[in-house]
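start06.cif, holding mmCIF, C-alpha atoms:
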```
data_data
#
loop_
_atom_site.label_atom_id
_atom_site.label_comp_id
_atom_site.auth_asym_id
_atom_site.auth_seq_id
_atom_site.Cartn_x
_atom_site.Cartn_y
_atom_site.Cartn_z
CA MET A 1379 15.36 -10.37 15.87
CA THR A 1380 16.19 -11.75 12.41
CA ASP A 1381 16.07 -10.41 8.86
CA ASN A 1382 14.68 -13.21 6.72
CA PHE A 1383 14.11 -11.28 3.49
CA ASP A 1384 17.28 -12.22 1.58
CA ASP A 1385 18.80 -9.68 -0.83
CA ASP A 1386 19.48 -12.52 -3.27
CA ASP A 1387 15.75 -13.23 -3.54
CA VAL A 1388 14.73 -9.74 -4.68
CA PHE A 1389 14.78 -10.60 -8.40
CA THR A 1390 14.84 -14.36 -8.87
CA GLY A 1391 12.76 -16.79 -10.88
CA LYS A 1392 10.18 -17.07 -8.13
CA ASP A 1393 9.87 -13.29 -8.06
CA HIS A 1394 7.92 -13.52 -11.34
CA THR A 1395 8.77 -10.03 -12.65
CA PRO A 1396 9.92 -10.35 -16.30
CA LEU A 1397 13.27 -8.54 -16.38
CA ARG A 1398 16.24 -8.74 -18.73
CA ASP A 1399 19.58 -10.01 -17.42
CA ASP A 1400 21.07 -6.53 -17.88
CA ALA A 1401 18.21 -4.73 -16.09
CA PHE A 1402 20.53 -3.18 -13.49
CA MET A 1403 23.42 -2.13 -15.72
CA LEU A 1404 22.33 1.53 -15.81
CA SER A 1405 22.30 3.78 -12.77
CA SER A 1406 19.10 5.57 -11.79
CA GLU A 1407 20.54 8.83 -13.14
CA GLU A 1408 21.33 7.20 -16.50
CA LYS A 1409 17.84 5.75 -16.72
CA ILE A 1410 16.29 9.14 -15.98
CA LYS A 1411 18.34 10.80 -18.74
CA LYS A 1412 17.36 8.19 -21.32
CA ILE A 1413 13.66 8.20 -20.40
CA GLU A 1414 13.64 12.01 -20.44
CA HIS A 1415 14.99 11.99 -24.01
CA HIS A 1416 12.56 9.37 -25.29
CA PHE A 1417 9.52 10.84 -23.55
CA ALA A 1418 10.29 14.23 -25.10
CA GLU A 1419 10.25 12.45 -28.47
CA ILE A 1420 6.84 10.95 -27.70
CA MET A 1421 5.44 14.35 -26.76
CA TYR A 1422 6.93 15.90 -29.90
CA ILE A 1423 5.44 13.16 -32.12
CA LEU A 1424 2.04 13.80 -30.53
CA GLY A 1425 2.32 17.36 -31.79
CA LEU A 1426 2.95 19.17 -28.53
CA ASP A 1427 4.93 22.42 -28.45
CA MET A 1428 7.96 21.51 -26.35
CA THR A 1429 8.94 25.17 -25.97
CA ASP A 1430 5.77 25.92 -24.01
CA ASP A 1431 6.49 26.80 -20.36
CA SER A 1432 3.95 24.24 -19.15
CA LEU A 1433 5.43 21.36 -21.19
CA LYS A 1434 9.17 21.92 -21.51
CA ASP A 1435 10.08 20.27 -18.20
CA SER A 1436 7.51 17.46 -18.42
CA PRO A 1437 9.92 14.86 -19.86
CA LYS A 1438 12.27 15.30 -16.90
CA ARG A 1439 9.38 15.19 -14.41
CA VAL A 1440 8.00 12.02 -15.98
CA ALA A 1441 11.42 10.35 -16.09
CA LYS A 1442 12.14 11.05 -12.42
CA MET A 1443 8.64 9.89 -11.47
CA TYR A 1444 9.05 6.63 -13.40
CA VAL A 1445 12.44 5.71 -11.95
CA ASN A 1446 12.20 7.02 -8.39
CA GLU A 1447 8.49 6.77 -7.60
CA ILE A 1448 5.88 4.76 -9.48
CA PHE A 1449 8.36 2.13 -10.72
CA GLY A 1450 10.67 2.33 -7.70
CA GLY A 1451 10.01 -1.35 -7.03
CA LEU A 1452 12.32 -2.15 -9.96
CA LEU A 1453 15.28 -0.84 -7.96
CA PRO A 1454 16.77 -3.52 -5.67
CA GLU A 1455 18.02 -0.85 -3.27
CA ASN A 1456 14.40 0.04 -2.51
CA LYS A 1457 13.67 -3.42 -1.12
CA PRO A 1458 12.30 -2.95 2.40
CA GLY A 1459 14.39 -4.36 5.20
CA ILE A 1460 12.13 -6.94 6.81
CA SER A 1461 13.08 -7.80 10.38
CA THR A 1462 11.10 -10.37 12.32
CA PHE A 1463 10.74 -10.83 16.06
CA SER A 1464 10.29 -13.87 18.24
CA ASN A 1465 6.64 -14.48 19.12
CA LYS A 1466 7.33 -14.27 22.86
CA TYR A 1467 3.68 -13.65 23.75
CA LYS A 1468 2.69 -16.95 22.07
CA TYR A 1469 -0.02 -15.40 19.91
CA ARG A 1470 -1.28 -18.33 17.86
CA GLN A 1471 -4.25 -16.81 16.07
CA MET A 1472 -4.51 -15.16 12.70
CA LEU A 1473 -3.06 -11.69 12.17
CA VAL A 1474 -4.81 -9.65 9.48
CA GLU A 1475 -3.71 -6.35 7.99
CA LYS A 1476 -6.64 -5.15 5.88
CA ASP A 1477 -7.34 -2.27 3.52
CA ILE A 1478 -3.69 -1.69 2.58
CA THR A 1479 -3.63 0.89 -0.21
CA VAL A 1480 -2.45 -0.46 -3.57
CA TYR A 1481 -1.19 1.91 -6.27
CA SER A 1482 0.31 0.14 -9.25
CA PHE A 1483 0.43 0.32 -13.06
CA CYS A 1484 -0.70 -2.40 -15.44
CA GLU A 1485 2.07 -3.59 -17.73
CA HIS A 1486 -0.25 -3.82 -20.75
CA HIS A 1487 -1.27 -0.16 -21.08
CA PHE A 1488 0.76 1.50 -18.29
CA LEU A 1489 -2.40 2.84 -16.68
CA PRO A 1490 -3.04 2.86 -12.91
CA ILE A 1491 -4.30 -0.03 -10.79
CA ILE A 1492 -5.87 1.35 -7.61
CA GLY A 1493 -7.31 -0.73 -4.79
CA LYS A 1494 -6.85 -2.45 -1.45
CA ALA A 1495 -4.87 -5.47 -0.29
CA HIS A 1496 -5.82 -7.69 2.66
CA VAL A 1497 -2.94 -9.74 4.07
CA ALA A 1498 -2.94 -12.38 6.81
CA TYR A 1499 -0.54 -14.87 8.35
CA MET A 1500 -0.31 -17.38 11.19
CA SER A 1501 2.91 -17.15 13.20
CA ASN A 1502 5.35 -20.05 13.06
CA GLY A 1503 7.40 -18.61 15.92
CA GLU A 1504 8.18 -15.27 14.25
CA VAL A 1505 6.16 -12.07 13.88
CA ILE A 1506 6.67 -9.03 11.68
CA GLY A 1507 6.22 -5.31 12.34
CA LEU A 1508 2.84 -4.24 11.00
CA SER A 1509 4.17 -1.41 8.83
CA LYS A 1510 6.50 -3.88 7.12
CA ILE A 1511 3.50 -5.66 5.61
CA ASN A 1512 2.40 -2.37 4.04
CA ARG A 1513 5.94 -1.77 2.78
CA ILE A 1514 6.06 -5.18 1.10
CA VAL A 1515 2.77 -4.45 -0.67
CA ASP A 1516 3.99 -1.01 -1.74
CA TYR A 1517 7.36 -2.30 -2.97
CA TYR A 1518 5.92 -4.93 -5.28
CA ALA A 1519 3.10 -2.63 -6.41
CA LYS A 1520 5.67 -0.11 -7.68
CA ARG A 1521 6.38 -2.08 -10.83
CA PRO A 1522 4.57 -2.59 -14.12
CA GLN A 1523 2.23 -5.32 -12.94
CA VAL A 1524 -0.55 -7.77 -13.49
CA GLN A 1525 -2.70 -8.15 -10.41
CA GLU A 1526 -2.29 -11.92 -10.23
CA ARG A 1527 1.49 -11.62 -10.09
CA LEU A 1528 1.38 -8.86 -7.48
CA THR A 1529 -0.80 -11.02 -5.22
CA MET A 1530 1.63 -13.93 -5.50
CA GLN A 1531 4.70 -11.75 -4.91
CA ILE A 1532 3.29 -10.38 -1.65
CA VAL A 1533 2.58 -13.88 -0.35
CA ASP A 1534 5.96 -15.24 -1.45
CA ALA A 1535 7.80 -12.36 0.23
CA LEU A 1536 5.99 -12.88 3.53
CA LYS A 1537 6.50 -16.64 3.43
CA GLU A 1538 10.21 -16.00 2.94
CA ALA A 1539 10.40 -13.43 5.73
CA LEU A 1540 8.33 -15.32 8.29
CA GLY A 1541 9.48 -18.86 7.55
CA THR A 1542 5.93 -20.13 7.23
CA THR A 1543 3.57 -21.19 4.45
CA ASP A 1544 0.53 -19.93 6.37
CA VAL A 1545 0.07 -16.65 4.47
CA ALA A 1546 -2.83 -15.20 2.47
CA CYS A 1547 -3.47 -12.14 0.35
CA ILE A 1548 -6.55 -10.78 -1.40
CA ILE A 1549 -6.42 -7.72 -3.66
CA ASP A 1550 -9.54 -5.85 -4.82
CA ALA A 1551 -8.63 -3.18 -7.35
CA LYS A 1552 -9.85 -1.05 -10.22
CA HIS A 1553 -7.90 -1.07 -13.48
CA LEU A 1554 -8.00 2.18 -15.39
CA CYS A 1555 -7.27 0.28 -18.61
CA VAL A 1556 -10.82 -1.05 -18.14
CA ASN A 1557 -12.35 2.02 -16.47
CA CYS A 1558 -11.16 4.83 -18.77
CA ARG A 1559 -10.45 3.15 -22.14
CA GLY A 1560 -11.77 0.25 -24.17
CA ILE A 1561 -15.02 -0.90 -22.58
CA LYS A 1562 -14.93 2.11 -20.18
CA ASP A 1563 -16.64 0.21 -17.38
CA THR A 1564 -16.22 2.48 -14.34
CA GLN A 1565 -17.99 0.16 -11.87
CA SER A 1566 -16.11 -3.13 -12.18
CA SER A 1567 -13.17 -4.19 -10.04
CA THR A 1568 -10.87 -7.20 -10.07
CA ILE A 1569 -10.34 -9.56 -7.13
CA THR A 1570 -7.35 -11.89 -6.87
CA ALA A 1571 -6.40 -14.23 -4.04
CA GLU A 1572 -3.33 -16.23 -3.14
CA LEU A 1573 -3.92 -18.64 -0.25
CA SER A 1574 -1.08 -20.73 1.10
CA GLY A 1575 -0.65 -23.31 3.86
CA ILE A 1576 -3.53 -23.51 6.34
CA PHE A 1577 -5.45 -20.80 4.46
CA ARG A 1578 -5.69 -23.20 1.50
CA THR A 1579 -6.13 -26.48 3.33
CA ASN A 1580 -8.44 -25.48 6.20
CA PRO A 1581 -11.91 -24.19 5.20
CA ILE A 1582 -12.57 -22.78 8.69
CA THR A 1583 -9.37 -20.70 8.66
CA ARG A 1584 -10.09 -19.54 5.13
CA GLN A 1585 -13.65 -18.50 6.08
CA GLU A 1586 -12.37 -16.66 9.16
CA PHE A 1587 -10.00 -14.65 6.96
CA LEU A 1588 -12.76 -13.81 4.50
CA HIS A 1589 -15.01 -12.75 7.37
CA TYR A 1590 -12.36 -10.41 8.78
CA VAL A 1591 -11.83 -8.66 5.44
CA GLY A 1592 -15.56 -8.40 4.75
CA MET A 1593 -15.88 -10.99 2.00
CA LYS A 1594 -18.26 -13.93 1.94
#
```
Using the file provided, produce a representation of the structure as structure tokens.
Amino acid sequence: MTDNFDDDDVFTGKDHTPLRDDAFMLSSEEKIKKIEHHFAEIMYILGLDMTDDSLKDSPKRVAKMYVNEIFGGLLPENKPGISTFSNKYKYRQMLVEKDITVYSFCEHHFLPIIGKAHVAYMSNGEVIGLSKINRIVDYYAKRPQVQERLTMQIVDALKEALGTTDVACIIDAKHLCVNCRGIKDTQSSTITAELSGIFRTNPITRQEFLHYVGMK
């Protein structure tokens, strides 16, 4: 059993997430305190009565939610430990984990992105626990995101962990910045795909993957 998901690769250039060099200078507790203060200011500017029983603790709730939950993927300590196992049973076909729940927030309006991810890989001698695929998706989703970047991050993380280029990911998601504001189109969704290795070069493998996840 090996752990191929290097700590040093959590926030590097290939990780794509635009972070400042001093992004990790503050502790989680310090970040919560600062966000609580500033969010209270936002609520006050909007005209809300911050002495109201229903509102007075909202800044603290929002701050804790931002740091520990919905943007928990910005904390390196939340990186999932990804152990791989030798493919002793010599399974040489495609492995597909489909309909993985995606909850993220778009970095343009900080509104939810909600959808499903379909992930596949071909073993190069190593296999990964199935729940770890879900954890990788969840970890990278818990950041301010654009869907294209999220799709690429999932594939890059699995390539790193498995030591293979034969990885694919498709995400089909609704963006509330489209659904509930602006054009207010509640029916549309966005599909992104990142195909690497044999999934890019072999049309038969690519079509098999699309068939498994229910896409033509």
(request) Pick out the closest residue to A:Gly1560 from this set: A:Pro1581, A:Gly1451, A:His1487, A:Lys1520. Count only C-alpha atoms. (result) A:His1487
(request) Using only C-alpha atoms, give me every residue within 10 Å of (3.7, -11.2, -3.7) in file coordinates, as a ChimeraX atom specification. (result) /A:1392-1394,1514-1515,1517-1519,1525-1537,1546-1547,1572
(request) Would you write out, as a VMD selection string, every residue that the PyMOL selection byres ((chain A and resi 1493) around 10) captures in this file? (result) chain A and resid 1477 to 1482 1490 to 1492 1494 to 1495 1549 to 1553 1567 to 1569
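For the pair atom CA of A:Gly1575 and atom CA of A:Gly1503, the separation is 15.2 Å.
Atom pair atom CA of A:Thr1570 / atom CA of A:Ile1506 has a distance of 23.4 Å (rounded to one decimal).
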(message) Residues proximal to (9.9, -13.8, 16.0) were defined as those with any atom within 12 Å of that point in the file's coordinates, counting only C-alpha atoms. Which are they, as a VMD selection string?
(response) chain A and resid 1379 to 1382 1460 to 1469 1500 to 1507 1539 to 1542
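Interatomic distance, atom CA of A:Lys1442 against atom CA of A:Gly1425: 22.6 Å.
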(message) For A:Phe1488, find every residue with an atom within 12 Å (counting all atoms listed in the file), except residues of its own chain fewer than 6 positions away, and show them as a PyMOL selection string.
(response) chain A and resi 1444+1448-1449+1482+1520-1524+1553-1556+1559
Same residues, C-alpha atoms, saved as a short mmCIF file (atom, residue, chain, number, x, y, z; two decimals), in the coordinates of the input:
```cif
data_model
loop_
_atom_site.label_atom_id
_atom_site.label_comp_id
_atom_site.auth_asym_id
_atom_site.auth_seq_id
_atom_site.Cartn_x
_atom_site.Cartn_y
_atom_site.Cartn_z
CA TYR A 1444 9.05 6.63 -13.40
CA ILE A 1448 5.88 4.76 -9.48
CA PHE A 1449 8.36 2.13 -10.72
CA SER A 1482 0.31 0.14 -9.25
CA LYS A 1520 5.67 -0.11 -7.68
CA ARG A 1521 6.38 -2.08 -10.83
CA PRO A 1522 4.57 -2.59 -14.12
CA GLN A 1523 2.23 -5.32 -12.94
CA VAL A 1524 -0.55 -7.77 -13.49
CA HIS A 1553 -7.90 -1.07 -13.48
CA LEU A 1554 -8.00 2.18 -15.39
CA CYS A 1555 -7.27 0.28 -18.61
CA VAL A 1556 -10.82 -1.05 -18.14
CA ARG A 1559 -10.45 3.15 -22.14
#
```
(request) Give me the residues within 12 Å of A:Ser1405 as a PyMOL selection string, counting all atoms listed in the file and dropping any in the same chain fewer than 2 places off. (result) chain A and resi 1400-1403+1407-1412+1445-1446+1452-1455
(request) Measuring atom to atom with all atoms listed in the file, identify which of A:Ala1571, A:Val1474, A:Val1545, A:Cys1558 is nearest to A:Tyr1590. (result)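 Smallest separation from A:Tyr1590 among the options: A:Val1474.
Proximity to A:Asp1516 was assessed for A:Cys1484, A:Thr1564, A:Gly1450, A:Val1497 counting all atoms listed in the file; the smallest distance is recorded for A:Gly1450.
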(request) Excluding A:Val1591 and residues on its chain fewer than 2 positions from it, collect all residues at most 7 Å away from it, counting all atoms listed in the file, and give them as a ChimeraX atom specification. (result) /A:1476,1496,1587-1589,1593
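Counting only C-alpha atoms, A:Tyr1499 has the following residues at most 6 Å away, ignoring those fewer than 3 positions along the same chain: A:Met1472, A:Leu1473, A:Asp1544, A:Val1545.
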